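Data from my_file.cif: mmCIF, C-alpha atoms
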data_my_file
#
loop_
_atom_site.label_atom_id
_atom_site.label_comp_id
_atom_site.auth_asym_id
_atom_site.auth_seq_id
_atom_site.Cartn_x
_atom_site.Cartn_y
_atom_site.Cartn_z
CA MET A 25 28.27 -54.02 -25.73
CA GLY A 26 30.50 -50.92 -25.69
CA ALA A 27 30.95 -48.06 -28.09
CA THR A 28 32.41 -48.99 -31.48
CA ASP A 29 36.02 -48.18 -32.31
CA ASP A 30 34.76 -45.55 -34.75
CA ASP A 31 32.70 -43.91 -32.03
CA ASN A 32 35.57 -44.01 -29.54
CA ALA A 33 38.07 -42.48 -31.95
CA LEU A 34 35.69 -39.68 -32.85
CA ILE A 35 34.79 -39.04 -29.21
CA SER A 36 38.47 -38.71 -28.30
CA GLN A 37 38.92 -36.14 -31.04
CA CYS A 38 35.78 -34.27 -29.94
CA LEU A 39 37.12 -34.07 -26.41
CA LYS A 40 40.13 -32.25 -27.83
CA GLY A 41 37.73 -29.70 -29.33
CA ASP A 42 37.65 -31.12 -32.87
CA HIS A 43 34.30 -29.99 -34.28
CA ALA A 44 34.76 -31.92 -37.52
CA ALA A 45 34.88 -35.15 -35.53
CA PHE A 46 31.64 -34.21 -33.82
CA GLU A 47 30.11 -33.48 -37.22
CA SER A 48 30.99 -37.05 -38.22
CA LEU A 49 29.39 -38.42 -35.05
CA ILE A 50 26.22 -36.47 -35.85
CA ARG A 51 26.18 -37.88 -39.38
CA MET A 52 26.36 -41.42 -38.00
CA HIS A 53 23.50 -40.98 -35.54
CA GLN A 54 21.32 -38.17 -36.88
CA ARG A 55 18.65 -40.33 -38.53
CA MET A 56 17.93 -42.44 -35.47
CA ILE A 57 17.74 -39.34 -33.27
CA HIS A 58 15.45 -37.58 -35.73
CA SER A 59 13.17 -40.63 -35.82
CA LEU A 60 12.97 -40.67 -32.05
CA THR A 61 12.30 -36.94 -31.69
CA PHE A 62 9.67 -37.05 -34.43
CA ARG A 63 7.88 -40.00 -32.81
CA MET A 64 7.98 -38.20 -29.49
CA THR A 65 6.66 -34.86 -30.77
CA GLY A 66 4.59 -35.72 -33.84
CA SER A 67 6.10 -32.69 -35.54
CA LEU A 68 8.96 -32.44 -38.01
CA ALA A 69 9.86 -28.92 -36.90
CA ASP A 70 9.84 -29.72 -33.18
CA GLY A 71 11.62 -32.98 -33.90
CA GLU A 72 14.38 -31.14 -35.73
CA ASP A 73 14.74 -28.61 -32.94
CA LEU A 74 14.94 -31.34 -30.31
CA ALA A 75 17.44 -33.31 -32.40
CA GLN A 76 19.66 -30.22 -32.47
CA GLN A 77 19.28 -29.77 -28.72
CA THR A 78 20.15 -33.42 -28.20
CA PHE A 79 23.44 -33.15 -30.08
CA LEU A 80 24.33 -29.85 -28.40
CA ARG A 81 23.76 -31.41 -24.97
CA ALA A 82 25.67 -34.51 -26.00
CA TYR A 83 28.63 -32.34 -26.93
CA GLU A 84 28.52 -30.57 -23.59
CA GLN A 85 28.33 -33.86 -21.70
CA LEU A 86 30.71 -35.88 -23.83
CA GLY A 87 33.26 -36.04 -21.03
CA SER A 88 30.83 -38.03 -18.90
CA PHE A 89 30.39 -40.75 -21.56
CA ARG A 90 31.82 -44.06 -20.43
CA GLY A 91 33.21 -46.20 -23.22
CA GLY A 92 31.73 -49.34 -21.69
CA ALA A 93 28.26 -48.32 -22.79
CA LYS A 94 26.92 -48.08 -26.32
CA PHE A 95 27.29 -44.52 -27.55
CA SER A 96 23.94 -44.75 -29.32
CA SER A 97 22.20 -45.76 -26.05
CA TRP A 98 23.84 -42.86 -24.25
CA LEU A 99 22.71 -40.51 -27.01
CA TYR A 100 19.19 -41.98 -26.86
CA ARG A 101 19.06 -41.24 -23.16
CA ILE A 102 19.87 -37.58 -23.76
CA ALA A 103 17.32 -37.43 -26.58
CA VAL A 104 14.56 -39.01 -24.49
CA ASN A 105 15.19 -36.64 -21.58
CA THR A 106 15.24 -33.69 -23.95
CA CYS A 107 11.89 -34.80 -25.38
CA LEU A 108 10.34 -35.37 -21.95
CA ASN A 109 11.46 -31.91 -20.77
CA TRP A 110 10.11 -30.39 -23.98
CA ARG A 111 6.80 -32.14 -23.34
CA ARG A 112 6.51 -30.59 -19.89
CA ARG A 113 7.27 -27.10 -21.22
CA GLU A 114 4.89 -27.61 -24.13
CA MET A 115 2.07 -28.71 -21.82
CA ARG A 116 2.53 -25.64 -19.64
CA ARG A 117 2.56 -23.40 -22.67
CA ARG A 118 -0.60 -24.99 -24.04
CA GLN A 119 -2.29 -24.80 -20.66
CA LEU A 120 -1.57 -21.10 -20.50
CA HIS A 121 -2.79 -20.53 -24.03
CA ALA A 122 -5.95 -22.53 -23.43
CA ALA A 123 -6.78 -20.40 -20.43
CA TRP A 124 -6.05 -17.05 -22.00
CA ALA A 125 -6.57 -17.32 -25.70
CA ASP A 126 -10.04 -17.25 -27.17
CA ASN A 127 -9.04 -19.54 -29.95
CA SER A 128 -8.31 -22.41 -27.61
CA SER A 129 -9.74 -24.80 -30.12
CA ARG A 130 -6.65 -24.26 -32.22
CA GLN A 131 -4.47 -27.17 -31.27
CA ARG A 132 -1.19 -28.18 -32.87
CA ALA A 133 -0.63 -25.92 -35.83
CA GLU A 134 1.48 -28.35 -37.71
CA PRO A 135 0.16 -31.71 -38.85
CA ALA A 136 2.35 -34.67 -38.00
CA HIS A 137 2.28 -35.82 -41.60
CA PRO A 138 1.57 -33.90 -44.78
CA ALA A 139 -2.01 -34.24 -45.95
CA ASP A 140 -1.08 -36.45 -48.87
CA GLU A 141 0.74 -38.97 -46.69
CA ASN A 142 -0.87 -42.25 -45.89
CA ASP A 143 -3.71 -42.20 -43.41
CA LEU A 144 -2.23 -45.01 -41.35
CA GLY A 145 0.89 -43.01 -40.54
CA ARG A 146 -1.20 -40.09 -39.35
CA ARG A 147 -3.50 -42.26 -37.25
CA VAL A 148 -0.62 -44.09 -35.65
CA GLN A 149 1.21 -40.85 -34.84
CA GLU A 150 -1.98 -39.33 -33.42
CA ALA A 151 -2.46 -42.37 -31.25
CA LEU A 152 1.17 -42.24 -30.07
CA MET A 153 0.76 -38.56 -29.22
CA LYS A 154 -2.24 -39.38 -27.03
CA LEU A 155 -0.12 -41.64 -24.84
CA PRO A 156 1.53 -40.19 -21.74
CA ALA A 157 5.04 -39.13 -22.74
CA LYS A 158 6.82 -41.81 -20.72
CA GLN A 159 4.66 -44.58 -22.16
CA ARG A 160 5.28 -43.18 -25.63
CA ALA A 161 9.03 -43.16 -25.01
CA ALA A 162 8.93 -46.79 -23.89
CA MET A 163 6.97 -47.79 -27.01
CA VAL A 164 9.23 -45.87 -29.39
CA LEU A 165 12.39 -47.38 -27.93
CA THR A 166 11.13 -50.95 -28.00
CA VAL A 167 8.92 -51.06 -31.11
CA TYR A 168 10.74 -48.69 -33.44
CA ASP A 169 14.31 -48.79 -32.21
CA GLY A 170 14.47 -52.43 -31.23
CA PHE A 171 15.69 -52.04 -27.66
CA ASN A 172 14.73 -54.76 -25.21
CA HIS A 173 13.09 -53.85 -21.93
CA ALA A 174 16.36 -53.88 -19.98
CA GLU A 175 18.06 -51.53 -22.45
CA ALA A 176 15.02 -49.27 -22.57
CA ALA A 177 15.02 -49.16 -18.76
CA ARG A 178 18.64 -48.01 -18.74
CA ILE A 179 17.90 -45.31 -21.30
CA LEU A 180 14.79 -44.13 -19.48
CA GLY A 181 16.46 -44.29 -16.09
CA CYS A 182 13.82 -46.54 -14.52
CA SER A 183 13.39 -50.21 -13.64
CA GLU A 184 12.69 -52.93 -16.17
CA THR A 185 9.38 -53.61 -14.43
CA THR A 186 8.35 -50.01 -14.91
CA VAL A 187 9.17 -50.21 -18.62
CA SER A 188 7.20 -53.45 -18.94
CA TRP A 189 4.23 -51.88 -17.22
CA ARG A 190 4.37 -48.76 -19.39
CA ILE A 191 4.50 -50.89 -22.53
CA PHE A 192 1.64 -53.08 -21.35
CA ALA A 193 -0.50 -50.03 -20.61
CA ALA A 194 0.47 -48.32 -23.86
CA ARG A 195 -0.28 -51.41 -25.94
CA ASN A 196 -3.74 -51.77 -24.44
CA LYS A 197 -4.57 -48.17 -25.26
CA LEU A 198 -3.12 -48.33 -28.77
CA LYS A 199 -5.04 -51.51 -29.56
CA ARG A 200 -8.23 -49.80 -28.48
CA TRP A 201 -7.56 -46.58 -30.38
CA LEU A 202 -6.27 -48.18 -33.57
CA LYS A 203 -8.77 -51.03 -33.73
CA PRO A 204 -11.57 -49.34 -35.73
CA ALA A 205 -9.36 -48.97 -38.79
CA ALA A 206 -12.20 -47.84 -40.99
CA ARG A 207 -13.62 -45.27 -38.57
CA GLY A 208 -11.08 -42.50 -38.95
CA SER A 209 -8.84 -41.04 -36.34
CA PRO A 210 -8.71 -42.22 -32.72
CA GLY A 211 -11.26 -40.63 -30.44
CA ARG A 212 -10.30 -38.06 -27.86
CA MET N 28 -5.83 -57.22 -32.23
CA ASN N 29 -2.81 -59.04 -30.78
CA ASP N 30 0.66 -57.65 -30.02
CA SER N 31 2.25 -58.66 -33.30
CA GLU N 32 -0.61 -57.15 -35.32
CA LEU N 33 -0.22 -53.94 -33.36
CA ASP N 34 3.55 -53.94 -33.94
CA ARG N 35 3.04 -54.44 -37.68
CA MET N 36 0.62 -51.55 -37.73
CA LEU N 37 2.95 -49.28 -35.77
CA GLN N 38 5.95 -50.15 -37.89
CA ALA N 39 4.03 -49.52 -41.09
CA ALA N 40 3.79 -45.86 -40.06
CA ARG N 41 7.06 -44.42 -41.26
CA VAL N 42 8.76 -41.22 -40.26
CA PRO N 43 8.44 -38.67 -43.08
CA ASP N 44 11.74 -38.65 -44.91
CA CYS N 45 13.85 -35.56 -45.36
CA PRO N 46 15.79 -34.74 -48.52
CA GLU N 47 19.48 -35.66 -48.65
CA GLU N 48 20.41 -31.98 -48.57
CA TYR N 49 18.82 -31.77 -45.15
CA TRP N 50 20.92 -34.64 -43.80
CA ALA N 51 24.03 -33.04 -45.27
CA GLN N 52 23.23 -29.66 -43.74
CA PHE N 53 22.00 -30.74 -40.31
CA PRO N 54 25.42 -31.65 -38.81
CA LYS N 55 26.82 -28.37 -40.14
CA ASP N 56 23.99 -26.44 -38.48
CA VAL N 57 24.63 -28.11 -35.13
CA VAL N 58 28.36 -27.44 -35.34
CA SER N 59 27.66 -23.82 -36.32
CA ARG N 60 25.66 -23.46 -33.15
CA LEU N 61 28.55 -24.93 -31.21
CA ARG N 62 30.95 -22.47 -32.81
CA TRP N 63 28.55 -19.64 -32.04
CA ASN N 64 29.55 -20.20 -28.48
CA THR N 65 33.30 -19.88 -29.01
CA ALA N 66 34.00 -21.31 -25.60
CA ALA N 67 32.07 -24.47 -26.39
CA LYS N 68 34.23 -27.42 -25.56
CA PRO N 69 32.99 -30.73 -24.24
CA ALA N 70 33.33 -31.15 -20.52
CA GLY N 71 36.26 -33.37 -19.65
CA GLU N 72 36.29 -36.07 -17.02
CA PRO N 73 34.23 -35.16 -13.96
CA ARG N 74 36.62 -33.78 -11.36
CA TRP N 75 36.59 -33.10 -7.67
CA PHE N 76 36.20 -29.37 -8.22
CA PRO N 77 32.43 -29.30 -8.83
CA ARG N 78 31.86 -31.33 -5.67
CA LEU N 79 34.00 -28.96 -3.64
CA ALA N 80 32.20 -26.00 -5.19
CA TRP N 81 28.84 -27.52 -4.33
CA GLY N 82 30.00 -28.23 -0.80
CA LEU N 83 31.10 -24.64 -0.33
CA ALA N 84 27.90 -23.37 -1.92
CA THR N 85 25.81 -25.47 0.46
CA VAL N 86 27.70 -24.11 3.46
CA ALA N 87 27.25 -20.56 2.15
CA VAL N 88 23.53 -21.12 1.64
CA CYS N 89 23.14 -22.43 5.18
CA LEU N 90 25.02 -19.41 6.55
CA VAL N 91 23.00 -16.92 4.56
CA ALA N 92 19.74 -18.69 5.40
CA GLY N 93 20.72 -18.70 9.08
CA ILE N 94 21.48 -14.98 9.05
CA ILE N 95 18.26 -14.24 7.25
CA VAL N 96 16.17 -16.40 9.55
CA GLY N 97 17.78 -14.71 12.55
CA ARG N 98 16.99 -11.28 11.17
CA TRP N 99 13.55 -12.40 10.21
CA GLN N 100 12.71 -13.65 13.66
CA GLY N 101 13.85 -10.34 15.09
CA GLN N 102 11.55 -8.49 12.78
CA ARG N 103 8.50 -10.74 12.96
CA GLU N 104 6.40 -8.16 14.69
CA SER N 105 6.94 -5.73 11.86
CA GLY N 106 5.12 -8.04 9.52
CA SER N 107 5.81 -11.60 8.44
CA TYR N 108 6.56 -12.24 4.78
CA ALA N 109 7.78 -8.67 4.40
CA LEU N 110 11.37 -9.91 4.49
CA LEU N 111 11.33 -10.95 0.87
CA GLN N 112 10.38 -7.44 -0.14
CA ASN N 113 13.54 -6.14 1.48
CA GLN N 114 15.69 -5.00 -1.42
CA LYS N 115 18.98 -5.37 0.44
CA VAL N 116 18.33 -8.97 1.44
CA ILE N 117 17.34 -9.96 -2.07
CA THR N 118 20.30 -8.19 -3.62
CA GLU N 119 22.68 -10.00 -1.28
CA MET N 120 21.17 -13.38 -2.07
CA LEU N 121 21.16 -12.84 -5.81
CA SER N 122 24.70 -11.50 -5.94
CA LEU N 123 25.92 -14.53 -4.01
CA PHE N 124 24.67 -16.89 -6.72
CA PRO N 125 24.40 -14.87 -9.92
CA ASN N 126 22.06 -16.42 -12.53
CA GLN N 127 21.60 -19.46 -10.31
CA VAL N 128 18.81 -18.53 -7.89
CA ARG N 129 15.49 -20.03 -8.98
CA ALA N 130 13.62 -18.74 -5.95
CA ILE N 131 13.98 -17.53 -2.39
CA MET N 132 11.11 -19.14 -0.54
CA GLN N 133 9.54 -18.24 2.78
CA ASP N 134 6.80 -20.02 4.66
CA GLU N 135 5.92 -20.78 8.27
CA HIS N 136 9.00 -23.02 8.52
CA GLY N 137 11.45 -20.30 7.51
CA VAL N 138 13.43 -19.21 4.49
CA SER N 139 14.96 -21.49 1.89
CA LEU N 140 16.79 -21.05 -1.34
CA MET N 141 16.16 -22.92 -4.60
CA LEU N 142 19.23 -23.04 -6.83
CA SER N 143 19.62 -24.19 -10.39
CA ASP N 144 22.31 -26.82 -11.11
CA GLU N 145 24.17 -24.36 -13.28
CA ALA N 146 24.46 -20.59 -13.39
CA ASN N 147 22.48 -20.40 -16.60
CA LEU N 148 19.20 -18.75 -15.66
CA PRO N 149 18.35 -15.87 -18.00
CA PRO N 150 18.40 -12.46 -16.33
CA SER N 151 14.95 -11.08 -15.54
CA PRO N 152 13.45 -8.80 -12.90
CA PRO N 153 12.68 -10.49 -9.58
CA LEU N 154 9.00 -11.10 -8.84
CA TRP N 155 7.60 -11.20 -5.32
CA VAL N 156 4.66 -13.56 -4.86
CA LYS N 157 2.60 -14.41 -1.80
CA VAL N 158 -0.08 -17.10 -1.84
CA CYS N 159 -2.38 -18.05 1.05
CA ASP N 160 -4.93 -20.85 0.95
CA GLY N 161 -6.64 -20.06 4.24
CA LYS N 162 -4.44 -22.37 6.29
CA HIS N 163 -0.95 -21.81 4.95
CA CYS N 164 0.88 -18.91 3.38
CA SER N 165 4.03 -18.99 1.29
CA ALA N 166 5.97 -16.13 -0.19
CA ALA N 167 8.77 -16.18 -2.71
CA VAL N 168 11.01 -14.00 -4.74
CA THR N 169 11.45 -15.72 -8.06
CA PHE N 170 11.82 -15.08 -11.77
CA SER N 171 9.63 -15.36 -14.81
CA GLY N 172 9.31 -18.94 -16.03
CA GLN N 173 10.04 -20.65 -12.72
CA GLU N 174 7.71 -23.32 -11.33
CA ILE N 175 7.66 -23.27 -7.55
CA GLN N 176 5.66 -24.74 -4.68
CA LEU N 177 3.47 -22.15 -2.97
CA ALA N 178 0.88 -22.93 -0.30
CA GLY N 179 1.13 -26.61 -1.13
CA ARG N 180 0.61 -26.36 -4.89
CA LYS N 181 2.84 -26.09 -7.91
CA ILE N 182 2.58 -22.69 -9.52
CA MET N 183 4.35 -21.28 -12.53
CA VAL N 184 5.27 -17.63 -12.23
CA LEU N 185 5.45 -15.46 -15.34
CA ALA N 186 6.01 -11.78 -16.00
CA ASP N 187 3.92 -10.17 -18.70
CA ALA N 188 5.01 -7.47 -21.10
CA HIS N 189 3.49 -4.70 -18.99
CA GLY N 190 5.35 -5.50 -15.79
CA GLY N 191 2.44 -7.50 -14.40
CA VAL N 192 2.65 -10.98 -12.94
CA LEU N 193 0.83 -14.13 -14.11
CA LEU N 194 0.45 -17.21 -11.95
CA VAL N 195 -0.45 -20.49 -13.61
CA GLY N 196 -1.55 -23.39 -11.43
CA ASN N 197 -3.09 -26.74 -12.30
CA ASP N 198 -6.60 -25.36 -11.93
CA PHE N 199 -6.30 -21.61 -12.31
CA VAL N 200 -4.60 -18.75 -14.06
CA TRP N 201 -4.28 -15.50 -12.13
CA SER N 202 -3.12 -12.13 -13.43
CA SER N 203 -2.15 -9.05 -11.45
CA GLU N 204 -3.79 -7.05 -14.24
CA GLU N 205 -7.19 -8.58 -13.44
CA PRO N 206 -6.83 -10.00 -9.93
CA GLY N 207 -10.55 -10.31 -9.36
CA SER N 208 -11.40 -12.17 -12.54
CA THR N 209 -10.01 -15.54 -11.48
CA LYS N 210 -12.21 -17.90 -9.51
CA THR N 211 -9.84 -19.24 -6.91
CA ARG N 212 -10.02 -19.40 -3.16
CA LEU N 213 -6.36 -18.48 -2.91
CA LYS N 214 -5.40 -15.08 -1.65
CA ILE N 215 -2.68 -13.86 -3.96
CA GLU N 216 -0.42 -10.83 -3.84
CA THR N 217 2.38 -10.09 -6.27
CA ARG N 218 4.84 -7.35 -6.99
CA ASN N 219 7.36 -6.89 -9.77
CA LEU N 220 10.63 -5.99 -8.02
CA GLY N 221 12.13 -4.60 -11.19
CA GLY N 222 14.03 -1.97 -9.21
CA VAL N 223 16.20 -4.55 -7.47
CA THR N 224 19.55 -4.67 -9.21
CA LEU N 225 22.76 -6.56 -8.54
#
Kindly return the structure encoded in the file as structure tokens.
Amino acid sequence: MGATDDDNALISQCLKGDHAAFESLIRMHQRMIHSLTFRMTGSLADGEDLAQQTFLRAYEQLGSFRGGAKFSSWLYRIAVNTCLNWRRREMRRRQLHAAWADNSSRQRAEPAHPADENDLGRRVQEALMKLPAKQRAAMVLTVYDGFNHAEAARILGCSETTVSWRIFAARNKLKRWLKPAARGSPGR
Amino acid sequence: MNDSELDRMLQAARVPDCPEEYWAQFPKDVVSRLRWNTAAKPAGEPRWFPRLAWGLATVAVCLVAGIIVGRWQGQRESGSYALLQNQKVITEMLSLFPNQVRAIMQDEHGVSLMLSDEANLPPSPPLWVKVCDGKHCSAAVTFSGQEIQLAGRKIMVLADAHGGVLLVGNDFVWSSEEPGSTKTRLKIETRNLGGVTL
């Protein structure tokens, strides 16, 4: 399935430098990108920052978009890569802090969900954050965004078999971590 | 727990919602950032020019690397790995690819150049690093924030606020401020080449 006529018209205008058209494209896709970046980071602030980066990169790369593909899938691919790169930088930063800062016990400063939000949401997000980033991306794309394995493979730039394996591994871990529903958060 | 039970559980965890004002403002914020860079315009169709540019750049790199290797071999007796502390050589390399050189590497196989895809690396003073693990030695001139392969391991090189150099590996963190405090078998030397200018 290709990009919709609406998408194509707006993309053409964007390529002529029309920022208002790009603003409309953002409006159409901002919620799905925010959901993805939040699920990938577990943080509203980081999610917002990565959503911004995603749209900025999309604008820069708009000329390489081929109309034969779904625009949303193309955008997802940029978002996933942005999140995976962020994850690598974040891990290095945390590694450095852990080695040098005395207060290494201080982990993520910002809770994924406000304290008054439901416990299930927090536990699920904590469990997702414990997954390796690529497994998490595969789960988010298939469970939350409804992509099949072939579509997820195209977005993630890997084979369908790899996606299936990542999902299988991720599911096994999540089942284990989320099983004791009454015992609080998943163990480390 | 089976797959469908897990899916139900995962889907019950919703993304915290943002107020409508946020959704109204977000596209404007992104576009403001685009306008901040007045030259921001989406890249058009990919053209032949970048390929030609890359081809020419590759040829230039080979030429420069060849010249450097030749000079290096002539000067081996005067101390291996000293080449990358030669200000003139570094200045030439950096001016050839401004804001694009990630590292100039040197090991027992010779000299190589690591370039970024785009000329978008932030300006920072060059850092000279030499790492030996007992069997192999590698030296590099690189910049703060770059992750490079030295003596067979990935190491992130950082400059600290006092002009010192930090090296972060998978199993160690080393600082030029306290070189003896890190338990690693690696022999590490660093120097901030802040005086090298383009």
Requested in this report: Go through N:Ile175, N:Val138, N:Met36, N:Cys45 one by one, measure the shortest atom-to-atom distance of each to Val88 (chain N) using all atoms listed in the file, and give the residue with the smallest value.
Outcome: N:Val138
Query raised in the report: Taking only C-alpha atoms into account, what are the residues of chain A at most 8 Å from chain N, put as JSON, numbers by chain?
Result: {"A": [38, 39, 40, 41, 43, 46, 47, 48, 50, 51, 54, 59, 62, 63, 76, 79, 80, 83, 84, 85, 86, 87, 88, 120, 123, 137, 144, 145, 146, 148, 149, 167, 168, 195, 198, 199, 203]}
Those same residues - C-alpha atoms - I'd like them written as an mmCIF file, in the coordinates of the input.
data_model
loop_
_atom_site.group_PDB
_atom_site.id
_atom_site.type_symbol
_atom_site.label_atom_id
_atom_site.label_comp_id
_atom_site.auth_asym_id
_atom_site.auth_seq_id
_atom_site.Cartn_x
_atom_site.Cartn_y
_atom_site.Cartn_z
ATOM 1 C CA CYS A 38 35.780 -34.270 -29.940
ATOM 2 C CA LEU A 39 37.120 -34.070 -26.410
ATOM 3 C CA LYS A 40 40.130 -32.250 -27.830
ATOM 4 C CA GLY A 41 37.730 -29.700 -29.330
ATOM 5 C CA HIS A 43 34.300 -29.990 -34.280
ATOM 6 C CA PHE A 46 31.640 -34.210 -33.820
ATOM 7 C CA GLU A 47 30.110 -33.480 -37.220
ATOM 8 C CA SER A 48 30.990 -37.050 -38.220
ATOM 9 C CA ILE A 50 26.220 -36.470 -35.850
ATOM 10 C CA ARG A 51 26.180 -37.880 -39.380
ATOM 11 C CA GLN A 54 21.320 -38.170 -36.880
ATOM 12 C CA SER A 59 13.170 -40.630 -35.820
ATOM 13 C CA PHE A 62 9.670 -37.050 -34.430
ATOM 14 C CA ARG A 63 7.880 -40.000 -32.810
ATOM 15 C CA GLN A 76 19.660 -30.220 -32.470
ATOM 16 C CA PHE A 79 23.440 -33.150 -30.080
ATOM 17 C CA LEU A 80 24.330 -29.850 -28.400
ATOM 18 C CA TYR A 83 28.630 -32.340 -26.930
ATOM 19 C CA GLU A 84 28.520 -30.570 -23.590
ATOM 20 C CA GLN A 85 28.330 -33.860 -21.700
ATOM 21 C CA LEU A 86 30.710 -35.880 -23.830
ATOM 22 C CA GLY A 87 33.260 -36.040 -21.030
ATOM 23 C CA SER A 88 30.830 -38.030 -18.900
ATOM 24 C CA LEU A 120 -1.570 -21.100 -20.500
ATOM 25 C CA ALA A 123 -6.780 -20.400 -20.430
ATOM 26 C CA HIS A 137 2.280 -35.820 -41.600
ATOM 27 C CA LEU A 144 -2.230 -45.010 -41.350
ATOM 28 C CA GLY A 145 0.890 -43.010 -40.540
ATOM 29 C CA ARG A 146 -1.200 -40.090 -39.350
ATOM 30 C CA VAL A 148 -0.620 -44.090 -35.650
ATOM 31 C CA GLN A 149 1.210 -40.850 -34.840
ATOM 32 C CA VAL A 167 8.920 -51.060 -31.110
ATOM 33 C CA TYR A 168 10.740 -48.690 -33.440
ATOM 34 C CA ARG A 195 -0.280 -51.410 -25.940
ATOM 35 C CA LEU A 198 -3.120 -48.330 -28.770
ATOM 36 C CA LYS A 199 -5.040 -51.510 -29.560
ATOM 37 C CA LYS A 203 -8.770 -51.030 -33.730
#
Query raised in the report: Evaluating the PyMOL selection byres ((chain A and resi 174) around 9) on the displayed file yields which residues, as a PyMOL selection string?
Result: chain A and resi 171-173+175-179+183-185+187
Report task. For each of A:Arg190, A:Arg55, A:Arg90, A:Lys158, take the minimum atom-to-atom distance to Asn109 (chain A), counting all atoms listed in the file, then give the residue where this is smallest. Result -> A:Lys158
With the file shown as input, list the residues that the PyMOL selection byres ((chain N and resi 142) around 12) selects, as a compact mmCIF listing (two decimals) with C-alpha atoms, in the coordinates of the input.
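Just written: selection_17.txt:
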# COMPACT_ATOMS: atom_id res chain seq x y z
CA TRP N 81 28.84 -27.52 -4.33
CA ALA N 84 27.90 -23.37 -1.92
CA THR N 85 25.81 -25.47 0.46
CA VAL N 88 23.53 -21.12 1.64
CA MET N 120 21.17 -13.38 -2.07
CA LEU N 121 21.16 -12.84 -5.81
CA LEU N 123 25.92 -14.53 -4.01
CA PHE N 124 24.67 -16.89 -6.72
CA PRO N 125 24.40 -14.87 -9.92
CA ASN N 126 22.06 -16.42 -12.53
CA GLN N 127 21.60 -19.46 -10.31
CA VAL N 128 18.81 -18.53 -7.89
CA ARG N 129 15.49 -20.03 -8.98
CA ALA N 130 13.62 -18.74 -5.95
CA ILE N 131 13.98 -17.53 -2.39
CA MET N 132 11.11 -19.14 -0.54
CA SER N 139 14.96 -21.49 1.89
CA LEU N 140 16.79 -21.05 -1.34
CA MET N 141 16.16 -22.92 -4.60
CA SER N 143 19.62 -24.19 -10.39
CA ASP N 144 22.31 -26.82 -11.11
CA GLU N 145 24.17 -24.36 -13.28
CA ALA N 146 24.46 -20.59 -13.39
CA ASN N 147 22.48 -20.40 -16.60
CA LEU N 148 19.20 -18.75 -15.66
CA THR N 169 11.45 -15.72 -8.06
CA PHE N 170 11.82 -15.08 -11.77
CA GLN N 173 10.04 -20.65 -12.72
CA ILE N 175 7.66 -23.27 -7.55
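Atom to atom, CA of Ile182 (chain N) and CA of Lys157 (chain N) stand 11.3 Å apart.
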With all atoms of region 192-198 of chain A from the file as input, state the centre and edge lengths in Å to one decimal of the axis-aligned box that has 3 Å extra on each side, as lines of an AutoDock Vina configuration file.
center_x = -1.5
center_y = -50.6
center_z = -24.7
size_x = 12.2
size_y = 10.9
size_z = 14.2
Query raised in the report: For the file shown, what are the residues hit by the PyMOL selection byres ((chain A and resi 74) around 10), laid out as a VMD selection string?
Result: chain A and resid 57 to 58 60 to 62 64 to 65 68 to 73 75 to 80 103 to 104 106 to 107 110
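Across the structure, CA of Leu185 (chain N) and CA of Glu135 (chain N) are spaced 24.2 Å apart.
As for CA of Gln37 (chain A) and CA of Tyr49 (chain N), they are spaced 24.9 Å apart.
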